[in-house]
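**Q** As input, take coords.pdb (PDB, C-alpha atoms):
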```pdb
MODEL        1
ATOM      1  CA  MET A   1      47.372 162.528  39.006
ATOM      2  CA  LYS A   2      49.834 165.113  37.681
ATOM      3  CA  GLU A   3      51.891 167.122  40.136
ATOM      4  CA  GLY A   4      50.239 170.344  41.241
ATOM      5  CA  TRP A   5      46.705 169.200  40.433
ATOM      6  CA  LYS A   6      45.739 167.828  43.825
ATOM      7  CA  GLU A   7      45.071 171.238  45.358
ATOM      8  CA  ARG A   8      43.168 172.444  42.313
ATOM      9  CA  CYS A   9      41.051 169.278  42.209
ATOM     10  CA  PHE A  10      40.203 169.719  45.855
ATOM     11  CA  LYS A  11      39.157 173.356  45.320
ATOM     12  CA  GLU A  12      37.189 172.797  42.105
ATOM     13  CA  LEU A  13      35.852 169.277  42.507
ATOM     14  CA  GLY A  14      36.167 168.394  46.159
ATOM     15  CA  GLU A  15      38.389 165.494  45.162
ATOM     16  CA  THR A  16      40.541 163.927  47.853
ATOM     17  CA  GLU A  17      41.627 160.366  48.547
ATOM     18  CA  GLU A  18      38.789 160.154  51.054
ATOM     19  CA  SER A  19      36.123 161.512  48.673
ATOM     20  CA  ARG A  20      37.349 159.212  45.898
ATOM     21  CA  SER A  21      37.192 156.145  48.152
ATOM     22  CA  LYS A  22      33.779 157.079  49.541
ATOM     23  CA  GLY A  23      32.377 158.042  46.140
ATOM     24  CA  LEU A  24      33.509 154.841  44.445
ATOM     25  CA  ALA A  25      32.104 152.705  47.250
ATOM     26  CA  THR A  26      28.772 154.535  47.083
ATOM     27  CA  LEU A  27      28.457 154.178  43.296
ATOM     28  CA  ARG A  28      29.200 150.458  43.539
ATOM     29  CA  ARG A  29      26.561 150.117  46.242
ATOM     30  CA  TYR A  30      24.009 151.959  44.117
ATOM     31  CA  ILE A  31      24.832 149.684  41.172
ATOM     32  CA  SER A  32      24.435 146.565  43.343
ATOM     33  CA  GLU A  33      20.998 147.828  44.377
ATOM     34  CA  HIS A  34      19.945 148.042  40.715
ATOM     35  CA  PRO A  35      20.407 144.563  39.189
ATOM     36  CA  GLU A  36      19.234 145.837  35.811
ATOM     37  CA  ILE A  37      22.414 147.925  35.545
ATOM     38  CA  HIS A  38      25.364 146.166  33.952
ATOM     39  CA  THR A  39      28.445 148.319  33.661
ATOM     40  CA  ASP A  40      32.185 148.609  34.093
ATOM     41  CA  GLN A  41      32.927 149.174  37.776
ATOM     42  CA  THR A  42      36.636 149.919  37.636
ATOM     43  CA  ASP A  43      37.929 152.975  39.481
ATOM     44  CA  GLU A  44      39.040 154.493  36.183
ATOM     45  CA  PHE A  45      35.551 154.310  34.681
ATOM     46  CA  LEU A  46      33.481 155.381  37.681
ATOM     47  CA  LEU A  47      35.747 158.294  38.582
ATOM     48  CA  ARG A  48      34.711 160.023  35.348
ATOM     49  CA  PHE A  49      31.163 160.352  36.621
ATOM     50  CA  LEU A  50      32.173 161.476  40.095
ATOM     51  CA  ARG A  51      34.467 164.148  38.659
ATOM     52  CA  ALA A  52      31.852 165.330  36.179
ATOM     53  CA  ARG A  53      29.468 165.963  39.083
ATOM     54  CA  LYS A  54      32.031 167.232  41.608
ATOM     55  CA  PHE A  55      31.756 164.123  43.778
ATOM     56  CA  ASP A  56      28.048 164.552  44.387
ATOM     57  CA  GLU A  57      27.352 160.817  44.520
ATOM     58  CA  ASP A  58      23.627 160.989  43.747
ATOM     59  CA  ARG A  59      24.152 163.247  40.751
ATOM     60  CA  ALA A  60      27.056 161.094  39.553
ATOM     61  CA  PHE A  61      24.853 157.991  39.696
ATOM     62  CA  LYS A  62      22.094 159.803  37.802
ATOM     63  CA  LEU A  63      24.623 160.733  35.110
ATOM     64  CA  LEU A  64      25.871 157.139  34.932
ATOM     65  CA  LYS A  65      22.280 155.918  34.439
ATOM     66  CA  GLY A  66      21.735 158.526  31.741
ATOM     67  CA  TYR A  67      24.920 157.434  29.987
ATOM     68  CA  LEU A  68      23.973 153.744  30.068
ATOM     69  CA  SER A  69      20.353 154.438  29.087
ATOM     70  CA  ALA A  70      21.395 156.471  26.054
ATOM     71  CA  LYS A  71      23.666 153.663  24.870
ATOM     72  CA  LYS A  72      20.916 151.101  25.354
ATOM     73  CA  ARG A  73      18.264 153.275  23.710
ATOM     74  CA  ASP A  74      20.326 154.166  20.620
ATOM     75  CA  PRO A  75      23.185 151.640  20.458
ATOM     76  CA  GLU A  76      23.984 152.381  16.808
ATOM     77  CA  LEU A  77      24.492 156.055  17.570
ATOM     78  CA  PHE A  78      27.064 155.136  20.210
ATOM     79  CA  ARG A  79      28.704 152.435  18.083
ATOM     80  CA  LEU A  80      32.291 153.644  17.968
ATOM     81  CA  SER A  81      33.802 151.058  15.639
ATOM     82  CA  PRO A  82      31.918 152.426  12.587
ATOM     83  CA  ALA A  83      32.665 155.928  13.835
ATOM     84  CA  LEU A  84      36.379 155.091  13.708
ATOM     85  CA  GLU A  85      35.923 153.947  10.123
ATOM     86  CA  ASP A  86      34.090 157.186   9.284
ATOM     87  CA  VAL A  87      37.008 159.173  10.670
ATOM     88  CA  VAL A  88      39.487 157.177   8.591
ATOM     89  CA  HIS A  89      37.600 157.531   5.313
ATOM     90  CA  LEU A  90      35.710 160.810   5.709
ATOM     91  CA  GLY A  91      38.160 163.121   7.468
ATOM     92  CA  HIS A  92      37.515 166.373   5.643
ATOM     93  CA  GLY A  93      38.231 168.856   8.402
ATOM     94  CA  TRP A  94      34.798 168.617   9.967
ATOM     95  CA  GLN A  95      35.947 168.017  13.547
ATOM     96  CA  CYS A  96      38.980 167.330  15.696
ATOM     97  CA  VAL A  97      40.427 167.631  19.181
ATOM     98  CA  LEU A  98      43.361 170.021  19.089
ATOM     99  CA  SER A  99      46.698 168.880  20.485
ATOM    100  CA  GLY A 100      47.009 171.926  22.767
ATOM    101  CA  ARG A 101      44.949 172.927  25.805
ATOM    102  CA  THR A 102      43.605 176.110  27.336
ATOM    103  CA  LYS A 103      45.509 177.747  30.181
ATOM    104  CA  LYS A 104      43.055 176.019  32.526
ATOM    105  CA  GLY A 105      44.090 172.653  31.097
ATOM    106  CA  GLN A 106      40.858 172.113  29.167
ATOM    107  CA  ALA A 107      40.827 170.031  25.991
ATOM    108  CA  ILE A 108      39.675 171.874  22.859
ATOM    109  CA  PHE A 109      37.119 170.220  20.582
ATOM    110  CA  VAL A 110      36.487 171.822  17.187
ATOM    111  CA  SER A 111      33.267 171.096  15.309
ATOM    112  CA  ARG A 112      32.730 172.481  11.801
ATOM    113  CA  PRO A 113      29.155 171.568  10.811
ATOM    114  CA  GLY A 114      29.443 173.554   7.585
ATOM    115  CA  LYS A 115      31.813 170.850   6.326
ATOM    116  CA  TYR A 116      29.178 168.132   6.596
ATOM    117  CA  ASN A 117      27.909 168.820   3.067
ATOM    118  CA  ILE A 118      31.016 166.927   1.879
ATOM    119  CA  ILE A 119      29.917 163.834   3.793
ATOM    120  CA  SER A 120      26.401 164.101   2.386
ATOM    121  CA  GLU A 121      27.677 163.041  -1.033
ATOM    122  CA  LYS A 122      28.522 159.611   0.427
ATOM    123  CA  SER A 123      25.177 159.364   2.138
ATOM    124  CA  LYS A 124      23.178 160.393  -0.927
ATOM    125  CA  ARG A 125      24.529 157.358  -2.737
ATOM    126  CA  GLY A 126      22.611 155.310  -0.183
ATOM    127  CA  GLY A 127      19.554 157.484  -0.675
ATOM    128  CA  LYS A 128      19.366 158.484   2.980
ATOM    129  CA  GLN A 129      20.269 162.020   3.949
ATOM    130  CA  ALA A 130      19.618 161.043   7.579
ATOM    131  CA  MET A 131      22.802 158.982   7.452
ATOM    132  CA  VAL A 132      24.771 162.224   7.480
ATOM    133  CA  VAL A 133      23.281 163.152  10.840
ATOM    134  CA  GLU A 134      23.956 159.701  12.275
ATOM    135  CA  GLU A 135      27.577 159.767  11.083
ATOM    136  CA  SER A 136      28.161 163.218  12.520
ATOM    137  CA  PHE A 137      26.536 162.335  15.824
ATOM    138  CA  ARG A 138      28.533 159.116  16.163
ATOM    139  CA  THR A 139      31.833 160.770  15.342
ATOM    140  CA  ASN A 140      31.148 163.677  17.696
ATOM    141  CA  VAL A 141      30.525 161.190  20.502
ATOM    142  CA  LEU A 142      33.688 159.350  19.483
ATOM    143  CA  ALA A 143      35.801 162.509  19.763
ATOM    144  CA  LEU A 144      34.342 163.404  23.155
ATOM    145  CA  GLU A 145      34.636 159.870  24.559
ATOM    146  CA  TRP A 146      38.224 159.717  23.318
ATOM    147  CA  SER A 147      39.069 162.948  25.115
ATOM    148  CA  LEU A 148      37.973 161.295  28.371
ATOM    149  CA  LEU A 149      40.846 158.837  28.128
ATOM    150  CA  GLU A 150      43.084 161.617  29.433
ATOM    151  CA  GLU A 151      42.810 162.232  33.144
ATOM    152  CA  MET A 152      43.519 165.934  32.672
ATOM    153  CA  THR A 153      40.347 166.261  30.590
ATOM    154  CA  GLN A 154      38.322 164.522  33.282
ATOM    155  CA  LEU A 155      39.691 167.004  35.813
ATOM    156  CA  ALA A 156      39.814 170.249  33.832
ATOM    157  CA  GLY A 157      37.034 169.642  31.333
ATOM    158  CA  LEU A 158      36.657 170.595  27.692
ATOM    159  CA  VAL A 159      35.731 173.630  25.617
ATOM    160  CA  CYS A 160      34.097 173.541  22.189
ATOM    161  CA  ILE A 161      34.699 175.741  19.183
ATOM    162  CA  ILE A 162      31.711 175.536  16.850
ATOM    163  CA  ASP A 163      32.720 176.927  13.467
ATOM    164  CA  MET A 164      29.647 177.763  11.371
ATOM    165  CA  GLU A 165      31.602 178.703   8.234
ATOM    166  CA  GLY A 166      29.768 177.308   5.209
ATOM    167  CA  PHE A 167      26.666 176.296   7.162
ATOM    168  CA  SER A 168      23.518 176.496   5.047
ATOM    169  CA  LEU A 169      19.883 176.117   6.041
ATOM    170  CA  ILE A 170      19.273 174.360   2.723
ATOM    171  CA  LYS A 171      22.196 171.916   2.844
ATOM    172  CA  HIS A 172      22.125 171.226   6.560
ATOM    173  CA  SER A 173      18.441 171.373   7.474
ATOM    174  CA  ALA A 174      18.542 167.709   8.557
ATOM    175  CA  PHE A 175      20.607 168.753  11.570
ATOM    176  CA  LEU A 176      18.000 171.190  12.839
ATOM    177  CA  ASN A 177      14.843 169.193  13.472
ATOM    178  CA  PRO A 178      13.647 169.063  17.110
ATOM    179  CA  TYR A 179      14.599 165.396  17.599
ATOM    180  CA  HIS A 180      18.237 165.931  16.656
ATOM    181  CA  THR A 181      18.577 169.203  18.566
ATOM    182  CA  MET A 182      17.129 167.581  21.687
ATOM    183  CA  ARG A 183      19.410 164.573  21.304
ATOM    184  CA  THR A 184      22.486 166.769  20.887
ATOM    185  CA  THR A 185      21.737 168.828  23.982
ATOM    186  CA  SER A 186      20.987 165.660  25.956
ATOM    187  CA  VAL A 187      24.449 164.260  25.185
ATOM    188  CA  VAL A 188      26.051 167.449  26.484
ATOM    189  CA  GLN A 189      23.917 167.862  29.588
ATOM    190  CA  ASP A 190      22.820 164.412  30.724
ATOM    191  CA  THR A 191      24.891 161.696  29.053
ATOM    192  CA  LEU A 192      28.647 162.149  28.772
ATOM    193  CA  PRO A 193      30.722 162.494  31.974
ATOM    194  CA  LEU A 194      32.429 165.653  30.760
ATOM    195  CA  ARG A 195      32.707 169.119  32.270
ATOM    196  CA  PHE A 196      31.963 171.531  29.432
ATOM    197  CA  GLY A 197      33.696 174.811  30.154
ATOM    198  CA  GLY A 198      32.355 176.812  27.225
ATOM    199  CA  PHE A 199      30.888 176.767  23.728
ATOM    200  CA  HIS A 200      32.485 179.311  21.408
ATOM    201  CA  VAL A 201      30.590 179.917  18.174
ATOM    202  CA  VAL A 202      32.606 181.534  15.382
ATOM    203  CA  ASN A 203      31.861 182.534  11.789
ATOM    204  CA  GLN A 204      28.145 182.271  12.437
ATOM    205  CA  PRO A 205      25.689 183.366   9.704
ATOM    206  CA  ARG A 206      23.276 186.265  10.104
ATOM    207  CA  TYR A 207      20.454 183.865  10.854
ATOM    208  CA  MET A 208      22.300 182.279  13.803
ATOM    209  CA  ASP A 209      19.665 183.636  16.196
ATOM    210  CA  ALA A 210      17.071 181.469  14.471
ATOM    211  CA  ILE A 211      19.304 178.387  14.716
ATOM    212  CA  TYR A 212      20.073 179.051  18.380
ATOM    213  CA  ALA A 213      16.338 179.433  19.077
ATOM    214  CA  LEU A 214      15.893 175.772  18.105
ATOM    215  CA  PHE A 215      18.395 174.619  20.737
ATOM    216  CA  LYS A 216      17.653 177.117  23.492
ATOM    217  CA  PRO A 217      14.469 175.474  24.898
ATOM    218  CA  PHE A 218      16.442 172.282  25.580
ATOM    219  CA  LEU A 219      19.382 174.011  27.277
ATOM    220  CA  LYS A 220      19.805 174.386  31.006
ATOM    221  CA  GLU A 221      20.620 177.867  32.253
ATOM    222  CA  LYS A 222      24.112 176.794  33.258
ATOM    223  CA  ILE A 223      24.887 175.798  29.670
ATOM    224  CA  ARG A 224      23.270 178.915  28.181
ATOM    225  CA  GLU A 225      25.604 181.038  30.277
ATOM    226  CA  ARG A 226      28.601 179.280  28.713
ATOM    227  CA  ILE A 227      27.694 179.961  25.083
ATOM    228  CA  TYR A 228      29.618 182.784  23.402
ATOM    229  CA  PHE A 229      29.143 184.182  19.902
ATOM    230  CA  HIS A 230      32.324 185.675  18.457
ATOM    231  CA  GLY A 231      31.598 185.962  14.738
ATOM    232  CA  ARG A 232      34.915 186.710  13.045
ATOM    233  CA  CYS A 233      36.276 188.617  16.010
ATOM    234  CA  TYR A 234      38.872 186.044  17.020
ATOM    235  CA  GLU A 235      40.350 188.477  19.533
ATOM    236  CA  GLN A 236      37.273 187.757  21.657
ATOM    237  CA  LEU A 237      37.922 184.029  21.322
ATOM    238  CA  HIS A 238      41.525 184.612  22.427
ATOM    239  CA  GLU A 239      40.277 185.951  25.752
ATOM    240  CA  PHE A 240      39.257 182.365  26.507
ATOM    241  CA  ILE A 241      41.708 180.315  24.428
ATOM    242  CA  SER A 242      45.271 181.462  23.792
ATOM    243  CA  PRO A 243      46.234 181.936  20.110
ATOM    244  CA  GLU A 244      49.331 179.857  20.912
ATOM    245  CA  VAL A 245      47.200 176.683  20.890
ATOM    246  CA  LEU A 246      44.816 177.692  18.092
ATOM    247  CA  PRO A 247      45.179 177.072  14.348
ATOM    248  CA  LYS A 248      45.445 179.870  11.805
ATOM    249  CA  GLU A 249      41.749 179.535  11.014
ATOM    250  CA  TYR A 250      41.004 181.240  14.338
ATOM    251  CA  GLY A 251      43.837 183.731  14.466
ATOM    252  CA  GLY A 252      46.215 181.285  16.101
ATOM    253  CA  THR A 253      49.871 180.444  15.563
ATOM    254  CA  ARG A 254      49.664 176.634  15.297
ATOM    255  CA  GLY A 255      49.358 176.339  11.508
ATOM    256  CA  THR A 256      46.184 175.103   9.851
ATOM    257  CA  ILE A 257      43.876 172.472  11.328
ATOM    258  CA  ASP A 258      45.645 169.154  10.931
ATOM    259  CA  ASP A 259      43.202 166.275  10.502
ATOM    260  CA  ASP A 260      45.983 163.787   9.939
ATOM    261  CA  ASP A 261      47.560 164.563  13.322
ATOM    262  CA  TRP A 262      44.225 164.150  15.082
ATOM    263  CA  LYS A 263      43.375 160.904  13.273
ATOM    264  CA  GLU A 264      46.796 159.480  14.078
ATOM    265  CA  ARG A 265      46.389 160.235  17.781
ATOM    266  CA  LEU A 266      42.839 158.909  17.769
ATOM    267  CA  LEU A 267      43.603 155.634  16.007
ATOM    268  CA  ALA A 268      46.572 154.983  18.289
ATOM    269  CA  ASP A 269      43.980 154.598  21.079
ATOM    270  CA  ARG A 270      41.676 152.323  19.072
ATOM    271  CA  GLU A 271      41.573 149.462  21.582
ATOM    272  CA  ARG A 272      40.937 151.736  24.555
ATOM    273  CA  ILE A 273      38.214 153.564  22.632
ATOM    274  CA  LEU A 274      36.372 150.364  21.757
ATOM    275  CA  ALA A 275      36.047 149.606  25.457
ATOM    276  CA  PHE A 276      33.301 152.269  25.407
ATOM    277  CA  GLU A 277      31.242 150.223  22.924
ATOM    278  CA  PRO A 278      27.715 149.348  24.100
ATOM    279  CA  PRO A 279      27.008 145.588  24.201
ATOM    280  CA  GLU A 280      25.519 143.915  21.142
TER     281      GLU A 280
ENDMDL
END
```
How would this structure read if it were set down as structure tokens?
**A**
Amino acid sequence: MKEGWKERCFKELGETEESRSKGLATLRRYISEHPEIHTDQTDEFLLRFLRARKFDEDRAFKLLKGYLSAKKRDPELFRLSPALEDVVHLGHGWQCVLSGRTKKGQAIFVSRPGKYNIISEKSKRGGKQAMVVEESFRTNVLALEWSLLEEMTQLAGLVCIIDMEGFSLIKHSAFLNPYHTMRTTSVVQDTLPLRFGGFHVVNQPRYMDAIYALFKPFLKEKIRERIYFHGRCYEQLHEFISPEVLPKEYGGTRGTIDDDDWKERLLADRERILAFEPPE
């Protein structure tokens, strides 16, 4: 753990050497009591769930079960090897994890769903528009799982910038049916061992209220309170995320969004990422 984080982790998460030792032992006991559960039991893996639930052992175990159940229920949607290939061949600025962090140490994930119409051209050749949704879901999970490789992200969490520039109800309607909205919210709330610090929507269309209404019934109050709509007022966004770590697209000073930099960092961790793969 990086210097200076111990006190903060104790205050925010209740993490100490004692709580880590006790929490890990308890999770392993719970797993042993459920022979149907087959999972990695290393400290590194299990700590993600304890940190995501502030060392509440019962809630951490519930999250672990949700994570494993989702991978078993929809293994292809959590298959990260094809997601890595999608990133290599389809990187058109539709998502990335920025290289900088917020002042709180949070990772910054950028999703640009309006860019997905570029990917749809590939999918149309196969005659299945639904493939676009599966690709986007898989690669979103890939980006979020990859961010968990860094201990600082496990401790400080992650914020999302959702850029709606170019989003169209006609082109992107496949993303808005109840099944996909429920699945997306489930990943955020009940599946991934990540602390989501905020969701910052920018460049949203006038009909954003209608889009949000589709997601709202599936969102817990805690998540609803962390959703912010900034439009094109990037000064509001800067109250949460310093312009020093943001690209020009959002009034920042870091140049334009660099897909190549993100892909290079991502692919350098290929072997570690594939450890997240669900079993065949």
**Q** Compute the distance from (29.5, 174.2, 16.0) to each atom, counting all atoms listed in the file, keep the residues with any atom at most 6 Å away, and return them as a short mmCIF file (atom, residue, chain, number, x, y, z; two decimals) with C-alpha atoms, keeping the file's coordinate frame; use the coordinates of the file.
**A**
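Saved to point_5.cif:
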```
data_model
loop_
_atom_site.label_atom_id
_atom_site.label_comp_id
_atom_site.auth_asym_id
_atom_site.auth_seq_id
_atom_site.Cartn_x
_atom_site.Cartn_y
_atom_site.Cartn_z
CA SER A 111 33.27 171.10 15.31
CA ARG A 112 32.73 172.48 11.80
CA PRO A 113 29.16 171.57 10.81
CA ILE A 162 31.71 175.54 16.85
CA ASP A 163 32.72 176.93 13.47
CA MET A 164 29.65 177.76 11.37
#
```
**Q** Mind checking which residues fall within 12 Å of Arg272 (chain A), counting only C-alpha atoms, ignoring those fewer than 6 positions away in the same chain, and posting them as a PyMOL selection string?
**A** chain A and resi 45+80-81+142+145-150+266
**Q** Give me, please, the distance in Å between CA of Gln236 (chain A) and CA of Ile211 (chain A), quoted to one decimal.
**A** 21.4 Å
**Q** I'd like to know which of A:Thr102, A:Thr16, A:Gln154, A:Gln95 is closest to Glu44 (chain A), using only C-alpha atoms.
**A**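 Among the listed residues, the smallest separation from Glu44 (chain A) belongs to A:Gln154.
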**Q** Have a look at A:Gly198, A:Pro247, A:Ser21, A:Tyr207 and name the one nearest to Asp259 (chain A); count only C-alpha atoms.
**A**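 Selected residue with least distance to Asp259 (chain A): A:Pro247.
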**Q** Just so the selection is clear, what residues does the PyMOL selection byres ((chain A and resi 234) around 10) cover here, as a list in words?
**A**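 Taken over the shown coordinates, the PyMOL selection byres ((chain A and resi 234) around 10) returns Val202, Asn203, His230, Gly231, Arg232, Cys233, Glu235, Gln236, Leu237, His238, Glu239, Ile241, Pro243, Glu249, Tyr250, Gly251 and Gly252 of chain A.
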**Q** For a test of reading the model, state the distance in Å between CA of Arg79 (chain A) and CA of Leu98 (chain A), rounded to one decimal.
**A**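 Separation of CA of Arg79 (chain A) and CA of Leu98 (chain A): 22.9 Å.
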**Q** Compile the contact shell of Cys96 (chain A) as a PyMOL selection string: residues with an atom at most 10 Å away, counting all atoms listed in the file, same-chain residues fewer than 3 positions apart removed.
**A** chain A and resi 87+91+93+99+108-112+139-140+143-144+257-263+266
**Q** Once you have the residues from the selection above, write them out as an mmCIF file, in the coordinates of the input, restricted to C-alpha atoms.
**A**
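Result went into again.cif, see below:
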```
data_model
loop_
_atom_site.group_PDB
_atom_site.id
_atom_site.type_symbol
_atom_site.label_atom_id
_atom_site.label_comp_id
_atom_site.auth_asym_id
_atom_site.auth_seq_id
_atom_site.Cartn_x
_atom_site.Cartn_y
_atom_site.Cartn_z
ATOM 1 C CA VAL A 87 37.008 159.173 10.670
ATOM 2 C CA GLY A 91 38.160 163.121 7.468
ATOM 3 C CA GLY A 93 38.231 168.856 8.402
ATOM 4 C CA SER A 99 46.698 168.880 20.485
ATOM 5 C CA ILE A 108 39.675 171.874 22.859
ATOM 6 C CA PHE A 109 37.119 170.220 20.582
ATOM 7 C CA VAL A 110 36.487 171.822 17.187
ATOM 8 C CA SER A 111 33.267 171.096 15.309
ATOM 9 C CA ARG A 112 32.730 172.481 11.801
ATOM 10 C CA THR A 139 31.833 160.770 15.342
ATOM 11 C CA ASN A 140 31.148 163.677 17.696
ATOM 12 C CA ALA A 143 35.801 162.509 19.763
ATOM 13 C CA LEU A 144 34.342 163.404 23.155
ATOM 14 C CA ILE A 257 43.876 172.472 11.328
ATOM 15 C CA ASP A 258 45.645 169.154 10.931
ATOM 16 C CA ASP A 259 43.202 166.275 10.502
ATOM 17 C CA ASP A 260 45.983 163.787 9.939
ATOM 18 C CA ASP A 261 47.560 164.563 13.322
ATOM 19 C CA TRP A 262 44.225 164.150 15.082
ATOM 20 C CA LYS A 263 43.375 160.904 13.273
ATOM 21 C CA LEU A 266 42.839 158.909 17.769
#
```
**Q** Going by the chain IDs and residue numbers used in this file, which residues fall under the PyMOL selection byres ((chain A and resi 74) around 12)? Write them as a list in words.
**A**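 Applied to this file, the PyMOL selection byres ((chain A and resi 74) around 12) returns Tyr67, Leu68, Ser69, Ala70, Lys71, Lys72, Arg73, Pro75, Glu76, Leu77, Phe78, Arg79, Glu134, Phe137, Arg138, Arg183, Val187, Glu277, Pro278, Pro279 and Glu280 of chain A.
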**Q** Tell me, in Å to one decimal, how far CA of Lys115 (chain A) is from CA of Phe196 (chain A).
**A**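 Between CA of Lys115 (chain A) and CA of Phe196 (chain A) the gap is 23.1 Å.
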**Q** Can you sort out the box for region 270-275 of chain A, edges along x, y and z, all listed atoms in, 8 Å on every side, with centre and edge lengths in Å to one decimal, as lines of an AutoDock Vina configuration file?
**A**
```
center_x = 38.9
center_y = 151.5
center_z = 22.3
size_x = 21.6
size_y = 20.1
size_z = 22.4
```
**Q** Rank nothing, just name the residue among A:Thr184, A:Thr253, A:Ser32, A:Thr26 nearest to Leu50 (chain A), using all atoms listed in the file.
**A**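 Among the listed residues, the smallest separation from Leu50 (chain A) belongs to A:Thr26.
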**Q** With only C-alpha atoms as the basis for distance, which of A:Ala268, A:Ile223, A:Ile273, A:Ala174 is at the shortest distance from Val188 (chain A)?
**A**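 Among the listed residues, the smallest separation from Val188 (chain A) belongs to A:Ile223.
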**Q** What would the selection look like, as JSON, numbers by chain, if the PyMOL selection byres ((chain A and resi 4-11) around 10) were run on the coordinates I just shared?
**A** {"A": [1, 2, 3, 12, 13, 14, 15, 16, 17, 19, 51, 54, 152, 155, 156]}
